[in-house]
Amino acid sequence: MSGYHQKACAGMRIIGAASGLGAQDQACEDGPVAFHHSQAWHELAKHPQLDWGRTLYAPPERSGEAPVQRIAGFCRHLADEVALTLANQQFPVVIGGDHSVAIGTWSGVARYLAAPPGLLWIDAHLDSHTPATSYSGAIHGMPLACLLGRGDKRLLNIGLPGGQVSAAHTVVLGARSHEPEELEFLRQMSVRIIDSEEIARRGFAACLDEAMAVVAAAPAGFGVTLDLDAIDPRMAPGVGSPEPDGLRAADVLTALHWIAGMPGLKAVEIVEYNPDRDRHGSTAALLSDLIGEILPSGKHAS
């Protein structure tokens, strides 16, 4: 299916994905609402082609219901919202929430496209455990595996039968903390991993060029999911699982600006904003700047 260029679409629609059910520290569920009420969003919201559409919340706990069932229900709801946004010729920007919400976001994109998209996964972690390999049991460490078709069956096949993203056109960029089981799984799936050591050796620009050559070659289009913990915590302290020595915020901002101009981009997702850990609103301000880089005609358009 041929897509539209996001800078020529009918505007950008923010979807809040207010769920922390997949994380050990569930304060990320407050991230979308905290950002929506922040001064950083208030300034950004002046842009005429930007709209905060809906904020989705995790379903209430029911007696005897496992957390994975609640996550699955939330992700199905989010997939519906993302697919509807695309059908309305709007560009979806999903703000999470813990990274388990990605199961819903990219399942919705896949459903709309009727094919698995490529995906640039920018993250300090690989997020590719399964219930059999996870050390913590936290589902925000499993979403990429689920999107590739491996994991708890309740989290699979939400958008399409089988994988929701194309393994051959998926790249993990910026990883610096992972377990061997995740690495082995992604290698078996032929997912390209460009970790922090390779970025330090080759340079961010060269690594990004390679990643986008892989991701953007997906026939149905592609997307970007950004876990804020990919960025160095000195620049983005308000995240769920901080890891030292991350990417430079300036590099990620430049990357998003460049990617936003590429044909085939279908959606962007930014996750793991934890307002409890933010300092002086610095991470909220960065989140606003990141969104600003993908706006159709610049952050301060009037």
# chains A, B, ... in the order shown; residues from 1 in each chain; ligands from 1
call {"tool": "select_by_dssp", "arguments": {"residues": "stretch 117-250 of chain A", "states": "alpha helix (DSSP H)", "output": "PyMOL selection string"}}
result
chain A and resi 143-147+180-188+196-202+204-215+249-250
call {"tool": "residues_around", "arguments": {"residues": "A:Val224", "least_positions_apart": "2", "cutoff": "6 Å", "atoms": "only C-alpha atoms", "output": "MDAnalysis selection string"}}
result
chainID A and resid 119:120 268
call {"tool": "atom_distance", "arguments": {"atom1": "atom CA of A:Gly108", "atom2": "atom CA of A:Glu293"}}
result
23.3 Å
call {"tool": "residues_around", "arguments": {"residues": "stretch 34-42 of chain A", "least_positions_apart": "2", "cutoff": "9 Å", "atoms": "only C-alpha atoms", "output": "list of chain:residue names"}}
result
A:Gly16, A:Asp30, A:Gly31, A:Pro32, A:Leu44, A:Ala45, A:Lys46, A:Trp52, A:Tyr273, A:Asn274, A:Pro275, A:Gly281, A:Ala284, A:Ala285, A:Leu286, A:Leu287, A:Ser288, A:Asp289
call {"tool": "write_last_selection", "arguments": {"atoms": "C-alpha atoms", "output": "mmCIF file, in the first residue's frame"}}
result
data_model
loop_
_atom_site.group_PDB
_atom_site.id
_atom_site.type_symbol
_atom_site.label_atom_id
_atom_site.label_comp_id
_atom_site.auth_asym_id
_atom_site.auth_seq_id
_atom_site.Cartn_x
_atom_site.Cartn_y
_atom_site.Cartn_z
ATOM 1 C CA GLY A 16 -1.334 9.242 25.017
ATOM 2 C CA ASP A 30 1.706 9.096 34.542
ATOM 3 C CA GLY A 31 4.042 10.289 31.788
ATOM 4 C CA PRO A 32 1.504 11.168 29.073
ATOM 5 C CA LEU A 44 4.193 23.125 21.560
ATOM 6 C CA ALA A 45 0.389 22.928 21.336
ATOM 7 C CA LYS A 46 0.296 26.316 19.579
ATOM 8 C CA TRP A 52 -3.685 15.961 21.244
ATOM 9 C CA TYR A 273 8.784 9.280 30.312
ATOM 10 C CA ASN A 274 8.725 9.055 34.108
ATOM 11 C CA PRO A 275 7.752 12.415 35.633
ATOM 12 C CA GLY A 281 11.051 19.554 33.763
ATOM 13 C CA ALA A 284 9.498 17.086 29.438
ATOM 14 C CA ALA A 285 11.234 19.928 27.619
ATOM 15 C CA LEU A 286 13.300 17.412 25.654
ATOM 16 C CA LEU A 287 10.159 15.444 24.801
ATOM 17 C CA SER A 288 8.618 18.648 23.457
ATOM 18 C CA ASP A 289 11.724 19.322 21.359
#
call {"tool": "residues_around", "arguments": {"residues": "A:Leu56", "least_positions_apart": "2", "cutoff": "8 Å", "atoms": "only C-alpha atoms", "output": "list in words"}}
result
Ile15, Gly16, Ala17, Ala18, Arg54, Ala58, Phe74, His77 and Leu78 of chain A
call {"tool": "write_last_selection", "arguments": {"atoms": "C-alpha atoms", "output": "mmCIF file, in the first residue's frame"}}
result
data_model
loop_
_atom_site.group_PDB
_atom_site.id
_atom_site.type_symbol
_atom_site.label_atom_id
_atom_site.label_comp_id
_atom_site.auth_asym_id
_atom_site.auth_seq_id
_atom_site.Cartn_x
_atom_site.Cartn_y
_atom_site.Cartn_z
ATOM 1 C CA ILE A 15 -2.133 9.580 21.330
ATOM 2 C CA GLY A 16 -1.334 9.242 25.017
ATOM 3 C CA ALA A 17 -0.645 5.647 26.053
ATOM 4 C CA ALA A 18 -0.920 5.942 29.826
ATOM 5 C CA ARG A 54 -6.915 10.939 23.044
ATOM 6 C CA ALA A 58 -4.893 0.830 31.265
ATOM 7 C CA PHE A 74 -4.760 -2.021 26.403
ATOM 8 C CA HIS A 77 -7.341 -0.577 22.199
ATOM 9 C CA LEU A 78 -4.199 1.341 21.257
#
call {"tool": "closest_residue", "arguments": {"among": "A:Ile194, A:Ala102, A:Ala79, A:Ala23", "to": "A:Ser241", "atoms": "only C-alpha atoms"}}
result
A:Ala23
call {"tool": "decode", "arguments": {"residues": "stretch 203-288 of chain A", "atoms": "C-alpha atoms", "output": "PDB file, in the first residue's frame"}}
result
ATOM      1  CA  GLY A 203      30.089   7.687  14.762  1.00  0.00           C
ATOM      2  CA  PHE A 204      26.366   8.287  15.189  1.00  0.00           C
ATOM      3  CA  ALA A 205      25.760   9.703  11.706  1.00  0.00           C
ATOM      4  CA  ALA A 206      27.268   6.702   9.904  1.00  0.00           C
ATOM      5  CA  CYS A 207      25.309   4.273  12.088  1.00  0.00           C
ATOM      6  CA  LEU A 208      22.072   6.154  11.533  1.00  0.00           C
ATOM      7  CA  ASP A 209      22.639   6.176   7.777  1.00  0.00           C
ATOM      8  CA  GLU A 210      23.027   2.405   7.778  1.00  0.00           C
ATOM      9  CA  ALA A 211      20.020   1.880  10.056  1.00  0.00           C
ATOM     10  CA  MET A 212      17.726   3.979   7.891  1.00  0.00           C
ATOM     11  CA  ALA A 213      18.882   2.267   4.692  1.00  0.00           C
ATOM     12  CA  VAL A 214      17.612  -0.992   6.237  1.00  0.00           C
ATOM     13  CA  VAL A 215      14.454   0.328   7.872  1.00  0.00           C
ATOM     14  CA  ALA A 216      13.216   2.592   5.072  1.00  0.00           C
ATOM     15  CA  ALA A 217      13.561  -0.194   2.514  1.00  0.00           C
ATOM     16  CA  ALA A 218      10.478  -1.921   3.961  1.00  0.00           C
ATOM     17  CA  PRO A 219       7.929  -1.994   1.112  1.00  0.00           C
ATOM     18  CA  ALA A 220       4.967  -0.993   3.287  1.00  0.00           C
ATOM     19  CA  GLY A 221       6.685   1.891   5.077  1.00  0.00           C
ATOM     20  CA  PHE A 222       8.391   2.258   8.425  1.00  0.00           C
ATOM     21  CA  GLY A 223       8.211   3.789  11.873  1.00  0.00           C
ATOM     22  CA  VAL A 224      10.376   4.927  14.763  1.00  0.00           C
ATOM     23  CA  THR A 225      10.026   4.010  18.419  1.00  0.00           C
ATOM     24  CA  LEU A 226      12.202   5.962  20.843  1.00  0.00           C
ATOM     25  CA  ASP A 227      12.684   4.903  24.445  1.00  0.00           C
ATOM     26  CA  LEU A 228      13.897   8.014  26.221  1.00  0.00           C
ATOM     27  CA  ASP A 229      16.391   5.894  28.155  1.00  0.00           C
ATOM     28  CA  ALA A 230      18.402   5.664  24.921  1.00  0.00           C
ATOM     29  CA  ILE A 231      19.484   9.240  25.655  1.00  0.00           C
ATOM     30  CA  ASP A 232      22.146   9.897  28.266  1.00  0.00           C
ATOM     31  CA  PRO A 233      20.397  10.305  31.658  1.00  0.00           C
ATOM     32  CA  ARG A 234      22.271  13.532  32.286  1.00  0.00           C
ATOM     33  CA  MET A 235      20.128  14.983  29.485  1.00  0.00           C
ATOM     34  CA  ALA A 236      16.996  12.870  30.085  1.00  0.00           C
ATOM     35  CA  PRO A 237      16.788  11.931  33.779  1.00  0.00           C
ATOM     36  CA  GLY A 238      13.015  11.359  33.778  1.00  0.00           C
ATOM     37  CA  VAL A 239      12.940   7.798  32.455  1.00  0.00           C
ATOM     38  CA  GLY A 240      11.846   4.445  33.808  1.00  0.00           C
ATOM     39  CA  SER A 241      15.128   2.523  33.473  1.00  0.00           C
ATOM     40  CA  PRO A 242      18.098   4.915  33.181  1.00  0.00           C
ATOM     41  CA  GLU A 243      21.423   3.582  31.888  1.00  0.00           C
ATOM     42  CA  PRO A 244      24.640   5.620  31.955  1.00  0.00           C
ATOM     43  CA  ASP A 245      26.492   6.881  28.877  1.00  0.00           C
ATOM     44  CA  GLY A 246      23.658   7.132  26.397  1.00  0.00           C
ATOM     45  CA  LEU A 247      23.151   8.946  23.122  1.00  0.00           C
ATOM     46  CA  ARG A 248      23.542  12.704  22.902  1.00  0.00           C
ATOM     47  CA  ALA A 249      20.183  14.474  22.874  1.00  0.00           C
ATOM     48  CA  ALA A 250      21.387  16.661  19.998  1.00  0.00           C
ATOM     49  CA  ASP A 251      22.075  13.580  17.871  1.00  0.00           C
ATOM     50  CA  VAL A 252      18.615  12.154  18.481  1.00  0.00           C
ATOM     51  CA  LEU A 253      16.961  15.489  17.715  1.00  0.00           C
ATOM     52  CA  THR A 254      18.880  15.765  14.454  1.00  0.00           C
ATOM     53  CA  ALA A 255      17.994  12.177  13.593  1.00  0.00           C
ATOM     54  CA  LEU A 256      14.271  12.726  14.070  1.00  0.00           C
ATOM     55  CA  HIS A 257      14.357  15.896  11.982  1.00  0.00           C
ATOM     56  CA  TRP A 258      16.022  14.014   9.122  1.00  0.00           C
ATOM     57  CA  ILE A 259      13.802  10.944   9.418  1.00  0.00           C
ATOM     58  CA  ALA A 260      10.656  13.099   9.431  1.00  0.00           C
ATOM     59  CA  GLY A 261      11.507  14.244   5.922  1.00  0.00           C
ATOM     60  CA  MET A 262      11.721  10.719   4.536  1.00  0.00           C
ATOM     61  CA  PRO A 263       8.848   9.288   2.491  1.00  0.00           C
ATOM     62  CA  GLY A 264       7.310   6.159   3.957  1.00  0.00           C
ATOM     63  CA  LEU A 265       7.320   7.247   7.602  1.00  0.00           C
ATOM     64  CA  LYS A 266       4.013   6.130   9.123  1.00  0.00           C
ATOM     65  CA  ALA A 267       4.239   6.843  12.870  1.00  0.00           C
ATOM     66  CA  VAL A 268       6.536   7.846  15.716  1.00  0.00           C
ATOM     67  CA  GLU A 269       6.411   6.607  19.287  1.00  0.00           C
ATOM     68  CA  ILE A 270       8.227   8.076  22.316  1.00  0.00           C
ATOM     69  CA  VAL A 271       8.004   6.107  25.564  1.00  0.00           C
ATOM     70  CA  GLU A 272       9.144   5.661  29.159  1.00  0.00           C
ATOM     71  CA  TYR A 273       8.784   9.280  30.312  1.00  0.00           C
ATOM     72  CA  ASN A 274       8.725   9.055  34.108  1.00  0.00           C
ATOM     73  CA  PRO A 275       7.752  12.415  35.633  1.00  0.00           C
ATOM     74  CA  ASP A 276       8.674  11.221  39.143  1.00  0.00           C
ATOM     75  CA  ARG A 277      12.324  11.145  38.089  1.00  0.00           C
ATOM     76  CA  ASP A 278      12.358  14.303  35.985  1.00  0.00           C
ATOM     77  CA  ARG A 279      14.447  17.226  37.218  1.00  0.00           C
ATOM     78  CA  HIS A 280      13.146  20.749  36.686  1.00  0.00           C
ATOM     79  CA  GLY A 281      11.051  19.554  33.763  1.00  0.00           C
ATOM     80  CA  SER A 282      14.158  18.923  31.654  1.00  0.00           C
ATOM     81  CA  THR A 283      12.922  15.624  30.224  1.00  0.00           C
ATOM     82  CA  ALA A 284       9.498  17.086  29.438  1.00  0.00           C
ATOM     83  CA  ALA A 285      11.234  19.928  27.619  1.00  0.00           C
ATOM     84  CA  LEU A 286      13.300  17.412  25.654  1.00  0.00           C
ATOM     85  CA  LEU A 287      10.159  15.444  24.801  1.00  0.00           C
ATOM     86  CA  SER A 288       8.618  18.648  23.457  1.00  0.00           C
TER      87      SER A 288
END
